[in-house]
file protein34.cif (mmCIF, C-alpha atoms)
data_data
#
loop_
_atom_site.label_atom_id
_atom_site.label_comp_id
_atom_site.auth_asym_id
_atom_site.auth_seq_id
_atom_site.Cartn_x
_atom_site.Cartn_y
_atom_site.Cartn_z
CA MET A 4 23.04 -4.09 12.22
CA SER A 5 25.21 -4.70 15.23
CA GLU A 6 28.42 -6.67 15.06
CA LYS A 7 27.50 -8.78 18.08
CA VAL A 8 27.37 -12.47 17.25
CA VAL A 9 24.73 -14.70 18.79
CA ASN A 10 24.41 -18.47 18.88
CA LEU A 11 21.11 -20.08 18.04
CA GLU A 12 19.72 -23.46 17.11
CA ILE A 13 17.58 -24.23 14.08
CA ASN A 14 16.10 -27.73 14.00
CA GLY A 15 18.64 -28.84 16.61
CA ARG A 16 21.71 -27.62 14.70
CA GLY A 17 23.81 -24.78 16.07
CA PHE A 18 24.42 -21.62 14.01
CA GLN A 19 26.00 -18.25 14.51
CA ALA A 20 24.37 -15.07 13.35
CA ARG A 21 24.72 -11.35 13.77
CA GLU A 22 22.36 -9.84 16.30
CA GLY A 23 19.41 -8.21 14.58
CA MET A 24 19.19 -10.72 11.72
CA THR A 25 15.78 -12.32 11.36
CA ILE A 26 15.19 -16.05 11.70
CA LEU A 27 14.32 -16.15 7.98
CA GLU A 28 17.61 -14.50 6.99
CA VAL A 29 19.63 -17.04 9.00
CA ALA A 30 17.58 -19.97 7.70
CA LYS A 31 18.00 -18.77 4.10
CA ARG A 32 21.74 -18.40 4.55
CA GLU A 33 21.95 -21.95 5.89
CA GLY A 34 19.72 -23.39 3.17
CA ILE A 35 16.88 -24.31 5.53
CA PRO A 36 13.62 -23.89 3.61
CA ILE A 37 10.87 -21.73 5.11
CA PRO A 38 7.94 -20.99 2.79
CA THR A 39 7.06 -17.32 2.18
CA LEU A 40 4.66 -15.34 0.01
CA CYS A 41 5.00 -11.71 1.04
CA HIS A 42 8.79 -11.64 1.49
CA HIS A 43 11.33 -10.03 -0.78
CA ASP A 44 14.99 -9.55 0.12
CA ALA A 45 14.98 -5.98 -1.20
CA LEU A 46 12.05 -4.87 0.98
CA GLU A 47 11.39 -4.48 4.67
CA PRO A 48 9.47 -7.51 5.96
CA VAL A 49 5.90 -6.94 7.15
CA GLY A 50 4.65 -10.42 8.07
CA ALA A 51 1.48 -10.09 6.02
CA CYS A 52 1.04 -13.65 4.73
CA ARG A 53 1.95 -15.52 7.94
CA LEU A 54 3.22 -18.48 5.89
CA CYS A 55 6.72 -18.34 7.41
CA MET A 56 5.47 -19.31 10.87
CA VAL A 57 8.06 -21.18 12.93
CA GLU A 58 8.14 -22.38 16.49
CA ILE A 59 10.56 -20.79 18.94
CA THR A 60 11.65 -21.52 22.47
CA HIS A 61 14.59 -20.72 24.74
CA PRO A 62 16.30 -22.57 27.61
CA ASN A 63 15.41 -19.63 29.90
CA TRP A 64 11.73 -19.60 28.94
CA ARG A 65 10.84 -22.52 31.28
CA GLY A 66 9.24 -24.62 28.58
CA TRP A 67 7.26 -21.77 27.00
CA LYS A 68 7.17 -21.92 23.23
CA GLY A 69 5.39 -19.89 20.64
CA LEU A 70 4.71 -19.46 16.95
CA VAL A 71 6.22 -16.40 15.31
CA THR A 72 6.76 -15.15 11.77
CA ALA A 73 10.34 -15.98 10.79
CA CYS A 74 10.54 -12.92 8.52
CA LEU A 75 10.09 -10.50 11.42
CA TYR A 76 11.56 -12.21 14.49
CA PRO A 77 15.12 -11.12 15.32
CA VAL A 78 17.48 -13.86 16.49
CA GLU A 79 18.83 -13.78 20.04
CA GLU A 80 21.37 -15.70 22.08
CA GLY A 81 20.23 -19.24 22.83
CA LEU A 82 17.10 -19.13 20.67
CA GLN A 83 15.83 -22.55 19.59
CA VAL A 84 13.88 -22.58 16.33
CA THR A 85 11.87 -25.41 14.80
CA THR A 86 10.87 -24.93 11.19
CA GLU A 87 8.97 -28.17 10.64
CA SER A 88 6.50 -29.81 13.01
CA GLN A 89 2.96 -31.06 12.85
CA GLU A 90 1.65 -27.91 14.50
CA ILE A 91 3.51 -25.61 12.10
CA HIS A 92 2.30 -27.63 9.13
CA GLN A 93 -1.26 -27.31 10.40
CA VAL A 94 -0.91 -23.54 10.73
CA ARG A 95 0.52 -23.22 7.22
CA LYS A 96 -2.23 -25.46 5.86
CA THR A 97 -4.91 -23.26 7.42
CA ILE A 98 -3.32 -20.12 5.94
CA LEU A 99 -3.19 -21.69 2.48
CA ASP A 100 -6.73 -23.01 2.91
CA LEU A 101 -7.90 -19.45 3.60
CA LEU A 102 -5.87 -18.04 0.70
CA LEU A 103 -7.40 -20.67 -1.59
CA ALA A 104 -10.85 -19.59 -0.41
CA ARG A 105 -9.97 -16.00 -1.31
CA CYS A 106 -8.28 -16.77 -4.64
CA PRO A 107 -9.51 -20.19 -5.81
CA ASP A 108 -8.33 -19.50 -9.37
CA ALA A 109 -4.79 -18.27 -8.64
CA PRO A 110 -2.44 -20.88 -10.16
CA TYR A 111 0.48 -19.96 -7.90
CA ILE A 112 -1.61 -20.26 -4.72
CA GLN A 113 -2.96 -23.59 -5.97
CA LYS A 114 0.61 -24.78 -6.51
CA VAL A 115 1.92 -23.66 -3.10
CA ALA A 116 -1.18 -25.07 -1.40
CA ALA A 117 -0.77 -28.41 -3.17
CA GLU A 118 2.87 -28.54 -2.03
CA HIS A 119 1.55 -28.31 1.53
CA GLY A 120 -1.15 -30.91 0.94
CA VAL A 121 -4.08 -28.55 0.44
CA THR A 122 -5.80 -29.32 -2.87
CA ALA A 123 -9.17 -27.67 -2.27
CA THR A 124 -10.38 -25.09 0.20
CA SER A 125 -12.58 -26.22 3.06
CA PHE A 126 -14.11 -22.73 3.34
CA LYS A 127 -16.72 -21.00 1.20
CA LYS A 128 -15.10 -19.79 -2.01
CA ASN A 129 -14.80 -16.07 -2.61
CA GLU A 130 -17.46 -14.86 -5.03
CA VAL A 131 -15.38 -11.91 -6.16
CA GLN A 132 -12.93 -12.87 -8.90
CA THR A 133 -9.43 -12.05 -7.69
CA VAL A 134 -5.96 -13.50 -7.62
CA CYS A 135 -4.60 -10.81 -5.29
CA ILE A 136 -3.62 -12.08 -1.84
CA LEU A 137 -3.05 -8.54 -0.44
CA CYS A 138 0.55 -9.29 0.50
CA GLY A 139 1.40 -5.64 -0.20
CA LEU A 140 4.62 -6.38 -2.12
CA CYS A 141 3.50 -4.11 -4.98
CA VAL A 142 2.75 -1.20 -2.65
CA ARG A 143 6.07 -1.62 -0.84
CA VAL A 144 8.16 -1.89 -3.98
CA CYS A 145 6.45 1.21 -5.38
CA ALA A 146 7.34 3.08 -2.18
CA VAL A 147 10.97 1.91 -2.31
CA LYS A 148 11.13 2.97 -5.94
CA GLY A 149 10.10 6.41 -4.70
CA CYS A 150 6.84 6.71 -6.63
CA ASN A 151 4.12 5.73 -4.12
CA ALA A 152 1.70 5.53 -7.02
CA ILE A 153 -0.52 2.78 -5.62
CA GLY A 154 -1.76 1.87 -2.17
CA THR A 155 -4.34 -0.15 -0.29
CA ALA A 156 -7.92 1.02 -0.23
CA ARG A 157 -10.84 0.32 2.10
CA ARG A 158 -10.52 -2.29 4.81
CA GLY A 159 -11.63 -5.67 6.07
CA ILE A 160 -13.16 -7.87 3.40
CA ARG A 161 -13.30 -4.90 1.01
CA ARG A 162 -9.58 -4.20 1.20
CA GLU A 163 -7.87 -4.00 -2.16
CA ILE A 164 -4.81 -2.67 -3.94
CA ALA A 165 -5.86 0.41 -5.84
CA ALA A 166 -4.80 3.57 -7.56
CA PRO A 167 -5.93 6.76 -5.77
CA PHE A 168 -9.57 7.68 -6.48
CA GLY A 169 -9.81 4.90 -9.06
CA MET A 170 -8.05 7.06 -11.63
CA PRO A 171 -4.83 6.31 -13.53
CA PRO A 172 -2.23 7.01 -10.82
CA PRO A 173 -0.51 10.36 -11.51
CA ASP A 174 2.73 9.23 -9.80
CA CYS A 175 3.09 6.02 -11.84
CA ILE A 176 6.14 5.92 -14.13
CA GLY A 177 5.17 2.65 -15.80
CA CYS A 178 8.15 0.65 -14.49
CA THR A 179 6.03 -2.51 -13.88
CA SER A 180 7.94 -3.29 -10.68
CA CYS A 181 4.58 -3.94 -8.99
CA ALA A 182 3.56 -6.44 -11.66
CA HIS A 183 6.90 -8.25 -11.61
CA ILE A 184 7.13 -8.58 -7.83
CA CYS A 185 3.55 -9.87 -7.52
CA PRO A 186 3.66 -13.58 -6.57
CA THR A 187 0.29 -14.26 -8.19
CA ASP A 188 0.54 -12.04 -11.30
CA ALA A 189 -2.45 -10.02 -10.16
CA ILE A 190 -1.45 -6.78 -11.89
CA PRO A 191 -2.06 -6.85 -15.65
CA TRP A 192 0.23 -4.98 -18.06
CA GLU A 193 1.36 -5.23 -21.65
CA ASP A 194 3.84 -3.79 -24.13
CA VAL A 195 2.40 -3.30 -27.60
CA ASN A 196 4.25 -1.54 -30.44
CA GLY A 197 6.41 0.56 -28.15
CA VAL A 198 3.55 1.54 -25.86
CA ARG A 199 3.24 0.15 -22.34
CA LYS A 200 -0.16 -0.24 -20.68
CA ILE A 201 -0.47 -0.56 -16.91
CA TRP A 202 -2.92 0.81 -14.33
CA ASP A 203 -5.25 2.14 -17.06
CA GLN A 204 -2.46 4.31 -18.40
CA GLU A 205 -0.39 4.29 -21.56
CA PHE A 206 3.31 5.06 -21.59
CA GLU A 207 5.40 5.87 -24.64
CA MET A 208 8.56 3.73 -24.61
CA VAL A 209 12.12 4.85 -25.27
CA ARG A 210 13.75 2.85 -28.04
CA CYS A 211 17.34 1.54 -27.97
CA VAL A 212 19.57 3.80 -30.06
CA SER A 213 21.39 0.76 -31.54
CA CYS A 214 18.76 -1.92 -32.16
CA GLY A 215 15.52 0.08 -31.88
CA ARG A 216 13.86 -2.25 -29.38
CA PRO A 217 11.67 -0.53 -26.74
CA ILE A 218 13.57 -0.34 -23.41
CA MET A 219 11.46 1.51 -20.86
CA PRO A 220 8.83 4.25 -20.67
CA VAL A 221 10.00 7.83 -21.20
CA THR A 222 8.60 8.71 -17.76
CA GLN A 223 10.70 5.98 -16.12
CA LEU A 224 13.86 7.04 -17.97
CA GLU A 225 13.42 10.64 -16.80
CA PHE A 226 12.65 9.48 -13.25
CA GLU A 227 15.65 7.14 -13.02
CA ALA A 228 18.03 9.68 -14.56
CA LYS A 229 16.89 12.38 -12.15
CA ARG A 230 17.19 10.07 -9.16
CA ALA A 231 20.65 8.84 -10.15
CA GLY A 232 21.73 12.36 -11.10
CA ILE A 233 22.91 11.35 -14.55
CA SER A 234 22.00 12.32 -18.07
CA PRO A 235 19.09 10.35 -19.60
CA ASP A 236 21.38 9.71 -22.58
CA TYR A 237 23.29 7.14 -20.51
CA MET A 238 20.30 4.84 -20.53
CA THR A 239 19.21 4.90 -24.15
CA THR A 240 20.95 1.64 -25.05
CA CYS A 241 19.23 -1.66 -24.23
CA PRO A 242 21.03 -4.14 -21.91
CA ALA A 243 21.91 -6.52 -24.77
CA CYS A 244 23.40 -3.75 -26.91
CA SER A 245 25.34 -2.15 -24.08
CA GLN A 246 26.75 -5.57 -23.16
CA GLN A 247 27.88 -6.00 -26.77
CA LYS A 248 29.43 -2.53 -26.74
CA THR A 249 31.31 -3.23 -23.50
CA LEU A 250 32.56 -6.51 -24.90
CA GLU A 251 33.92 -4.79 -28.01
CA THR A 252 35.59 -2.10 -25.91
CA ILE A 253 37.28 -4.75 -23.76
CA ARG A 254 38.35 -6.72 -26.82
CA THR A 255 39.95 -3.68 -28.42
CA ALA A 256 41.64 -2.64 -25.19
CA PHE A 257 43.08 -6.07 -24.46
CA THR A 258 44.16 -7.16 -27.91
CA ILE A 259 47.89 -7.34 -27.31
CA LYS A 260 50.19 -8.10 -30.15
CA ARG A 261 52.33 -11.11 -29.50
CA PRO A 262 55.99 -10.22 -29.19
CA ALA A 263 57.95 -10.91 -32.36
CA SER A 264 60.33 -13.23 -30.45
CA GLU A 265 57.44 -15.67 -29.78
CA ASP A 266 56.63 -15.79 -33.49
CA ALA A 267 60.26 -16.61 -34.18
CA VAL A 268 60.28 -19.48 -31.67
CA GLU A 269 57.10 -20.91 -33.20
CA ALA A 270 58.55 -20.72 -36.69
CA ALA A 271 61.75 -22.45 -35.66
CA SER A 272 60.04 -25.46 -34.06
CA MET B 12 -16.27 12.39 -8.65
CA SER B 13 -16.51 16.19 -8.82
CA GLU B 14 -20.27 16.70 -8.80
CA THR B 15 -19.96 19.95 -6.92
CA SER B 16 -17.17 22.33 -7.78
CA ILE B 17 -14.49 22.81 -5.14
CA ASP B 18 -13.58 26.39 -4.35
CA PRO B 19 -9.75 26.60 -4.24
CA ASP B 20 -9.88 29.48 -1.74
CA ARG B 21 -11.82 27.37 0.74
CA VAL B 22 -9.25 24.58 0.35
CA ARG B 23 -6.42 27.05 0.83
CA SER B 24 -7.91 28.36 4.05
CA ILE B 25 -7.95 24.79 5.41
CA LEU B 26 -4.36 24.19 4.33
CA THR B 27 -3.06 27.28 6.14
CA ARG B 28 -3.99 25.60 9.44
CA TYR B 29 -1.41 22.86 8.83
CA PRO B 30 2.37 23.22 8.69
CA GLN B 31 3.78 22.57 5.27
CA GLY B 32 5.48 19.23 4.71
CA ASP B 33 4.24 17.65 7.94
CA GLY B 34 2.27 14.52 7.06
CA SER B 35 1.09 13.94 10.63
CA GLY B 36 -1.76 16.40 10.08
CA LEU B 37 -3.34 14.20 7.42
CA ILE B 38 -6.37 12.88 9.32
CA HIS B 39 -7.22 16.24 10.90
CA ALA B 40 -6.98 17.95 7.54
CA LEU B 41 -9.17 15.29 5.90
CA GLN B 42 -11.75 15.85 8.65
CA ASP B 43 -11.66 19.59 7.94
CA ILE B 44 -12.18 18.95 4.24
CA GLN B 45 -15.08 16.62 5.02
CA ALA B 46 -16.62 19.25 7.32
CA GLU B 47 -16.14 22.05 4.78
CA PHE B 48 -17.43 20.31 1.66
CA GLY B 49 -19.50 17.50 3.15
CA TYR B 50 -17.21 14.92 1.61
CA VAL B 51 -13.55 14.24 0.89
CA ALA B 52 -13.21 15.81 -2.52
CA CYS B 53 -10.53 14.46 -4.84
CA GLU B 54 -9.31 17.92 -5.90
CA ALA B 55 -9.01 19.06 -2.29
CA VAL B 56 -7.04 15.92 -1.35
CA ALA B 57 -4.66 16.47 -4.26
CA ARG B 58 -3.91 20.00 -3.00
CA LEU B 59 -3.60 18.71 0.55
CA CYS B 60 -1.04 16.09 -0.48
CA GLU B 61 1.08 18.71 -2.21
CA HIS B 62 0.91 20.86 0.91
CA LEU B 63 1.77 18.08 3.39
CA ASN B 64 4.24 16.44 0.99
CA ILE B 65 2.68 12.98 1.16
CA PRO B 66 1.77 10.67 -1.72
CA LEU B 67 -1.80 10.79 -3.02
CA SER B 68 -2.01 7.01 -2.60
CA LYS B 69 -1.45 7.34 1.13
CA ALA B 70 -4.18 9.94 1.59
CA PHE B 71 -6.52 7.76 -0.45
CA SER B 72 -5.71 4.74 1.76
CA VAL B 73 -6.52 6.71 4.89
CA ALA B 74 -9.65 8.32 3.44
CA THR B 75 -11.07 4.95 2.39
CA PHE B 76 -10.03 3.18 5.61
CA TYR B 77 -12.18 5.25 7.98
CA LYS B 78 -15.93 5.11 7.68
CA ALA B 79 -16.13 8.72 8.89
CA PHE B 80 -14.82 9.86 5.52
CA SER B 81 -17.00 9.83 2.45
CA LEU B 82 -15.64 10.14 -1.07
CA GLU B 83 -19.08 10.87 -2.47
CA PRO B 84 -20.92 14.16 -1.91
CA LYS B 85 -23.38 13.89 0.97
CA GLY B 86 -26.79 15.44 1.47
CA GLU B 87 -27.46 18.69 3.34
CA THR B 88 -29.13 16.70 6.09
CA ILE B 89 -27.53 13.46 7.18
CA ILE B 90 -30.09 11.17 8.78
CA ARG B 91 -28.63 8.44 10.94
CA VAL B 92 -30.96 5.70 12.09
CA CYS B 93 -29.61 3.88 15.11
CA THR B 94 -29.89 0.10 14.71
CA GLY B 95 -28.35 -0.85 18.05
CA THR B 96 -29.95 -3.58 20.14
CA ALA B 97 -32.31 -1.31 22.09
CA CYS B 98 -33.36 0.65 19.00
CA HIS B 99 -33.73 -2.54 17.00
CA ILE B 100 -36.12 -3.99 19.60
CA ARG B 101 -38.15 -0.79 19.60
CA GLY B 102 -38.59 -0.80 15.85
CA SER B 103 -35.63 0.96 14.22
CA GLN B 104 -35.97 -1.29 11.17
CA ILE B 105 -39.47 0.14 10.55
CA LEU B 106 -38.00 3.66 10.77
CA ALA B 107 -35.20 2.80 8.35
CA ASP B 108 -37.67 1.25 5.88
CA GLU B 109 -39.99 4.26 6.23
CA LEU B 110 -37.16 6.70 5.52
CA SER B 111 -35.93 4.55 2.66
CA SER B 112 -39.29 4.67 0.92
CA LEU B 113 -39.89 8.33 1.76
CA LEU B 114 -36.55 9.44 0.32
CA ASP B 115 -36.31 6.71 -2.30
CA VAL B 116 -32.75 5.76 -1.29
CA GLU B 117 -31.22 2.70 0.33
CA PRO B 118 -29.35 3.19 3.63
CA GLY B 119 -25.93 4.59 2.72
CA GLY B 120 -27.37 6.49 -0.24
CA THR B 121 -27.97 10.16 -0.95
CA THR B 122 -31.03 11.65 -2.64
CA LYS B 123 -30.51 12.96 -6.18
CA ASP B 124 -31.20 16.56 -5.09
CA LEU B 125 -28.40 16.21 -2.49
CA LYS B 126 -30.86 17.16 0.29
CA PHE B 127 -30.68 13.97 2.38
CA THR B 128 -28.26 11.16 3.11
CA LEU B 129 -29.66 8.11 4.86
CA GLU B 130 -27.36 6.02 7.03
CA THR B 131 -27.72 3.32 9.63
CA VAL B 132 -25.38 3.23 12.61
CA ASN B 133 -24.78 0.48 15.09
CA CYS B 134 -25.34 2.46 18.29
CA VAL B 135 -25.37 6.14 19.13
CA GLY B 136 -25.20 5.51 22.87
CA ALA B 137 -28.64 6.85 23.71
CA CYS B 138 -30.43 3.56 24.28
CA ALA B 139 -32.80 5.01 26.89
CA MET B 140 -34.41 7.13 24.16
CA ALA B 141 -34.77 4.24 21.70
CA PRO B 142 -35.50 4.28 18.88
CA VAL B 143 -33.15 7.12 18.04
CA VAL B 144 -32.75 8.99 14.76
CA ALA B 145 -30.10 11.72 14.45
CA PHE B 146 -30.58 14.62 12.03
CA ASN B 147 -27.20 16.21 11.35
CA GLY B 148 -26.04 15.06 14.76
CA VAL B 149 -29.14 16.23 16.66
CA TYR B 150 -30.63 13.22 18.41
CA GLN B 151 -34.37 12.61 18.43
CA GLY B 152 -35.66 9.95 20.82
CA ASN B 153 -38.80 7.78 20.84
CA VAL B 154 -39.25 8.43 17.13
CA GLN B 155 -42.48 7.32 15.47
CA PRO B 156 -42.72 6.67 11.71
CA GLY B 157 -45.41 9.35 11.38
CA ALA B 158 -43.14 12.00 12.90
CA LEU B 159 -40.48 11.13 10.29
CA THR B 160 -42.96 11.59 7.46
CA ARG B 161 -43.94 15.01 8.76
CA LYS B 162 -40.32 16.04 9.24
CA ILE B 163 -39.21 14.94 5.78
CA ARG B 164 -42.27 16.30 3.99
CA GLY B 165 -41.92 19.57 5.91
CA GLY B 166 -38.26 19.86 5.06
CA LYS B 167 -38.55 18.79 1.43
#

call {"tool": "encode", "arguments": {"input": "protein34.cif", "output": "structure tokens"}}
result
Amino acid sequence: MSEKVVNLEINGRGFQAREGMTILEVAKREGIPIPTLCHHDALEPVGACRLCMVEITHPNWRGWKGLVTACLYPVEEGLQVTTESQEIHQVRKTILDLLLARCPDAPYIQKVAAEHGVTATSFKKNEVQTVCILCGLCVRVCAVKGCNAIGTARRGIRREIAAPFGMPPPDCIGCTSCAHICPTDAIPWEDVNGVRKIWDQEFEMVRCVSCGRPIMPVTQLEFEAKRAGISPDYMTTCPACSQQKTLETIRTAFTIKRPASEDAVEAAS
Amino acid sequence: MSETSIDPDRVRSILTRYPQGDGSGLIHALQDIQAEFGYVACEAVARLCEHLNIPLSKAFSVATFYKAFSLEPKGETIIRVCTGTACHIRGSQILADELSSLLDVEPGGTTKDLKFTLETVNCVGACAMAPVVAFNGVYQGNVQPGALTRKIRGGK
């Protein structure tokens, strides 16, 4: 990102930002709410859900204004952004209306839609049972993780998130990043008796050497250790136990005996 | 998925045409696999991904995105009935129904003996010869239902 600073306006207030930042990044920094579904700070934005639509204009644009996705649009000198207006609300309502038609039973979509004043879809409800909104967060996080185990399949109305050839994905390490990042909890998984089940696969879990609680799948441990270039033994303690260990180490290291002179002063008084 | 066995040597000969580790050859290679085996076979794609150094999920995305790729084995003869406007007006629906009952498959399906695959396409660009039916890419114009019966019975 360049070091050049640009001045822009959001809802009539002036802000400074580094060139190359997106409207969403600046708005977030300044505490201006813009709703999103497919955005995550750790991932490259793709503008899949279109919920972050904002209106932009510029003094040099001779009155032209347009709707853009805040997550993708880079700020520029003199840009004037409006995050709330009747038109923007209408656009967001339509998007949520369509998402509700696709996933009428997704609690999170129902909640977000209700917040925007959409309680029921005005379109024909999807006959296929799904709570997936195809935002692609799971696919992107899997790619960032370095596994690329899952992807999108087919296209148009048949598009879906799927494992290759409908089989348990060979590249999956069972980390459940996809399930955790999913805004609508569309990816099922469970941990039962030290075995994790996700994407029709079972993963044996590594147990904490101190307390015996399952930490993560063996495949994930090996993957993470290899990627970080460290021994897998470094990660065989669960977060709670390693915190406890660190605490004890610090306590021992910093227990300083009070000087004898202080004891003498206390005794005298 | 693997109804016909995939000969590793035939896969290898396709792979040698593409530089190792260069993912940009994906679609061409998938087309070659489709041409060689009649469909995009899972085992062949797995080998291809290793060769091009791309994730299996990506190849699967691409293979399912384009209608030109089929993940199921196809028949020896692929029959495409054009259902474009001109062909539709001149009775392509009757031809499709006739073929459907002759072969006992719905459009998009393949006969159990893997001899025929029946498909409908939106337009093959030969409207002057409507109705058009293509047998393995060879166009036949002004097709009559009776001619189809003779062709299928003769070939079966």

call {"tool": "resolve_selection", "arguments": {"input": "protein34.cif", "expression": "the PyMOL selection byres ((chain B and resi 29) around 12)", "output": "JSON, numbers by chain"}}
result
{"B": [22, 23, 24, 25, 26, 27, 28, 30, 31, 32, 33, 34, 35, 36, 37, 38, 39, 40, 41, 43, 59, 60, 62, 63, 64]}

call {"tool": "atom_distance", "arguments": {"input": "protein34.cif", "atom1": "atom CA of A:Leu46", "atom2": "atom CA of A:Ala73"}}
result
14.9 Å

call {"tool": "closest_atom_pairs", "arguments": {"input": "protein34.cif", "of": "chain A", "to": "chain B", "cutoff": "6 Å", "atoms": "only C-alpha atoms", "output": "tab-separated table"}}
result
residue	atom	partner	partner_atom	distance
A:Asn151	CA	B:Pro66	CA	6.0
A:Ala152	CA	B:Ser68	CA	6.0
A:Ile153	CA	B:Ser68	CA	5.4
A:Gly154	CA	B:Ser68	CA	5.2
A:Thr155	CA	B:Ser72	CA	5.5
A:Ala156	CA	B:Ser72	CA	4.8
A:Arg157	CA	B:Phe76	CA	4.6
A:Arg158	CA	B:Phe76	CA	5.5
A:Pro167	CA	B:Ser68	CA	5.0

call {"tool": "atom_distance", "arguments": {"input": "protein34.cif", "atom1": "atom CA of A:Glu79", "atom2": "atom CA of A:Arg16"}}
result
15.1 Å

call {"tool": "closest_residue", "arguments": {"input": "protein34.cif", "among": "B:Glu109, B:Ala137, B:Ser103, B:Val116", "to": "B:Val149", "atoms": "only C-alpha atoms"}}
result
B:Ala137

call {"tool": "resolve_selection", "arguments": {"input": "protein34.cif", "expression": "the PyMOL selection byres ((chain A and resi 49) around 9)", "output": "PyMOL selection string"}}
result
chain A and resi 41-42+46-48+50-52+74-75+138-139

call {"tool": "atom_distance", "arguments": {"input": "protein34.cif", "atom1": "atom CA of A:Lys148", "atom2": "atom CA of A:Glu225"}}
result
13.5 Å

call {"tool": "residues_near_point", "arguments": {"input": "protein34.cif", "point": "(17.6, -21.7, 16.9)", "cutoff": "9 Å", "atoms": "only C-alpha atoms", "output": "list in words"}}
result
Asn10, Leu11, Glu12, Ile13, Asn14, Gly15, Arg16, Gly17, Phe18, Ile26, Ile59, Thr60, His61, Val78, Glu79, Glu80, Gly81, Leu82, Gln83, Val84 and Thr85 of chain A

call {"tool": "residues_around", "arguments": {"input": "protein34.cif", "residues": "B:Leu125", "least_positions_apart": "4", "cutoff": "10 Å", "atoms": "all atoms listed in the file", "output": "PyMOL selection string"}}
result
chain B and resi 84-88+121

call {"tool": "build_atoms", "arguments": {"input": "protein34.cif", "residues": "stretch 127-142 of chain A", "atoms": "N, CA and C atoms", "output": "PDB file, in the coordinates of the input"}}
result
ATOM      1  N   LYS A 127     -15.879 -21.449   2.316  1.00  0.00           N
ATOM      2  CA  LYS A 127     -16.720 -21.000   1.200  1.00  0.00           C
ATOM      3  C   LYS A 127     -15.830 -20.200   0.250  1.00  0.00           C
ATOM      4  N   LYS A 128     -15.947 -20.483  -1.040  1.00  0.00           N
ATOM      5  CA  LYS A 128     -15.100 -19.790  -2.010  1.00  0.00           C
ATOM      6  C   LYS A 128     -15.533 -18.340  -2.178  1.00  0.00           C
ATOM      7  N   ASN A 129     -14.557 -17.486  -2.379  1.00  0.00           N
ATOM      8  CA  ASN A 129     -14.800 -16.070  -2.610  1.00  0.00           C
ATOM      9  C   ASN A 129     -15.605 -15.880  -3.906  1.00  0.00           C
ATOM     10  N   GLU A 130     -16.652 -15.064  -3.821  1.00  0.00           N
ATOM     11  CA  GLU A 130     -17.460 -14.860  -5.030  1.00  0.00           C
ATOM     12  C   GLU A 130     -16.851 -13.803  -5.937  1.00  0.00           C
ATOM     13  N   VAL A 131     -16.038 -12.947  -5.359  1.00  0.00           N
ATOM     14  CA  VAL A 131     -15.380 -11.910  -6.160  1.00  0.00           C
ATOM     15  C   VAL A 131     -14.164 -12.523  -6.837  1.00  0.00           C
ATOM     16  N   GLN A 132     -14.057 -12.332  -8.142  1.00  0.00           N
ATOM     17  CA  GLN A 132     -12.930 -12.870  -8.900  1.00  0.00           C
ATOM     18  C   GLN A 132     -11.665 -12.079  -8.580  1.00  0.00           C
ATOM     19  N   THR A 133     -10.709 -12.723  -7.954  1.00  0.00           N
ATOM     20  CA  THR A 133      -9.430 -12.050  -7.690  1.00  0.00           C
ATOM     21  C   THR A 133      -8.318 -13.071  -7.544  1.00  0.00           C
ATOM     22  N   VAL A 134      -7.116 -12.661  -7.908  1.00  0.00           N
ATOM     23  CA  VAL A 134      -5.960 -13.500  -7.620  1.00  0.00           C
ATOM     24  C   VAL A 134      -4.999 -12.756  -6.700  1.00  0.00           C
ATOM     25  N   CYS A 135      -5.439 -11.614  -6.180  1.00  0.00           N
ATOM     26  CA  CYS A 135      -4.600 -10.810  -5.290  1.00  0.00           C
ATOM     27  C   CYS A 135      -4.728 -11.308  -3.859  1.00  0.00           C
ATOM     28  N   ILE A 136      -3.573 -11.590  -3.219  1.00  0.00           N
ATOM     29  CA  ILE A 136      -3.620 -12.080  -1.840  1.00  0.00           C
ATOM     30  C   ILE A 136      -3.330 -10.959  -0.842  1.00  0.00           C
ATOM     31  N   LEU A 137      -3.264  -9.718  -1.299  1.00  0.00           N
ATOM     32  CA  LEU A 137      -3.050  -8.540  -0.440  1.00  0.00           C
ATOM     33  C   LEU A 137      -1.769  -8.625   0.374  1.00  0.00           C
ATOM     34  N   CYS A 138      -0.709  -9.180  -0.214  1.00  0.00           N
ATOM     35  CA  CYS A 138       0.550  -9.290   0.500  1.00  0.00           C
ATOM     36  C   CYS A 138       1.239  -7.927   0.598  1.00  0.00           C
ATOM     37  N   GLY A 139       0.853  -6.999  -0.279  1.00  0.00           N
ATOM     38  CA  GLY A 139       1.400  -5.640  -0.200  1.00  0.00           C
ATOM     39  C   GLY A 139       2.780  -5.478  -0.810  1.00  0.00           C
ATOM     40  N   LEU A 140       3.287  -6.506  -1.498  1.00  0.00           N
ATOM     41  CA  LEU A 140       4.620  -6.380  -2.120  1.00  0.00           C
ATOM     42  C   LEU A 140       4.636  -5.240  -3.139  1.00  0.00           C
ATOM     43  N   CYS A 141       3.565  -5.130  -3.929  1.00  0.00           N
ATOM     44  CA  CYS A 141       3.500  -4.110  -4.980  1.00  0.00           C
ATOM     45  C   CYS A 141       3.551  -2.700  -4.379  1.00  0.00           C
ATOM     46  N   VAL A 142       2.802  -2.512  -3.293  1.00  0.00           N
ATOM     47  CA  VAL A 142       2.750  -1.200  -2.650  1.00  0.00           C
ATOM     48  C   VAL A 142       4.122  -0.854  -2.063  1.00  0.00           C
TER      49      VAL A 142
END
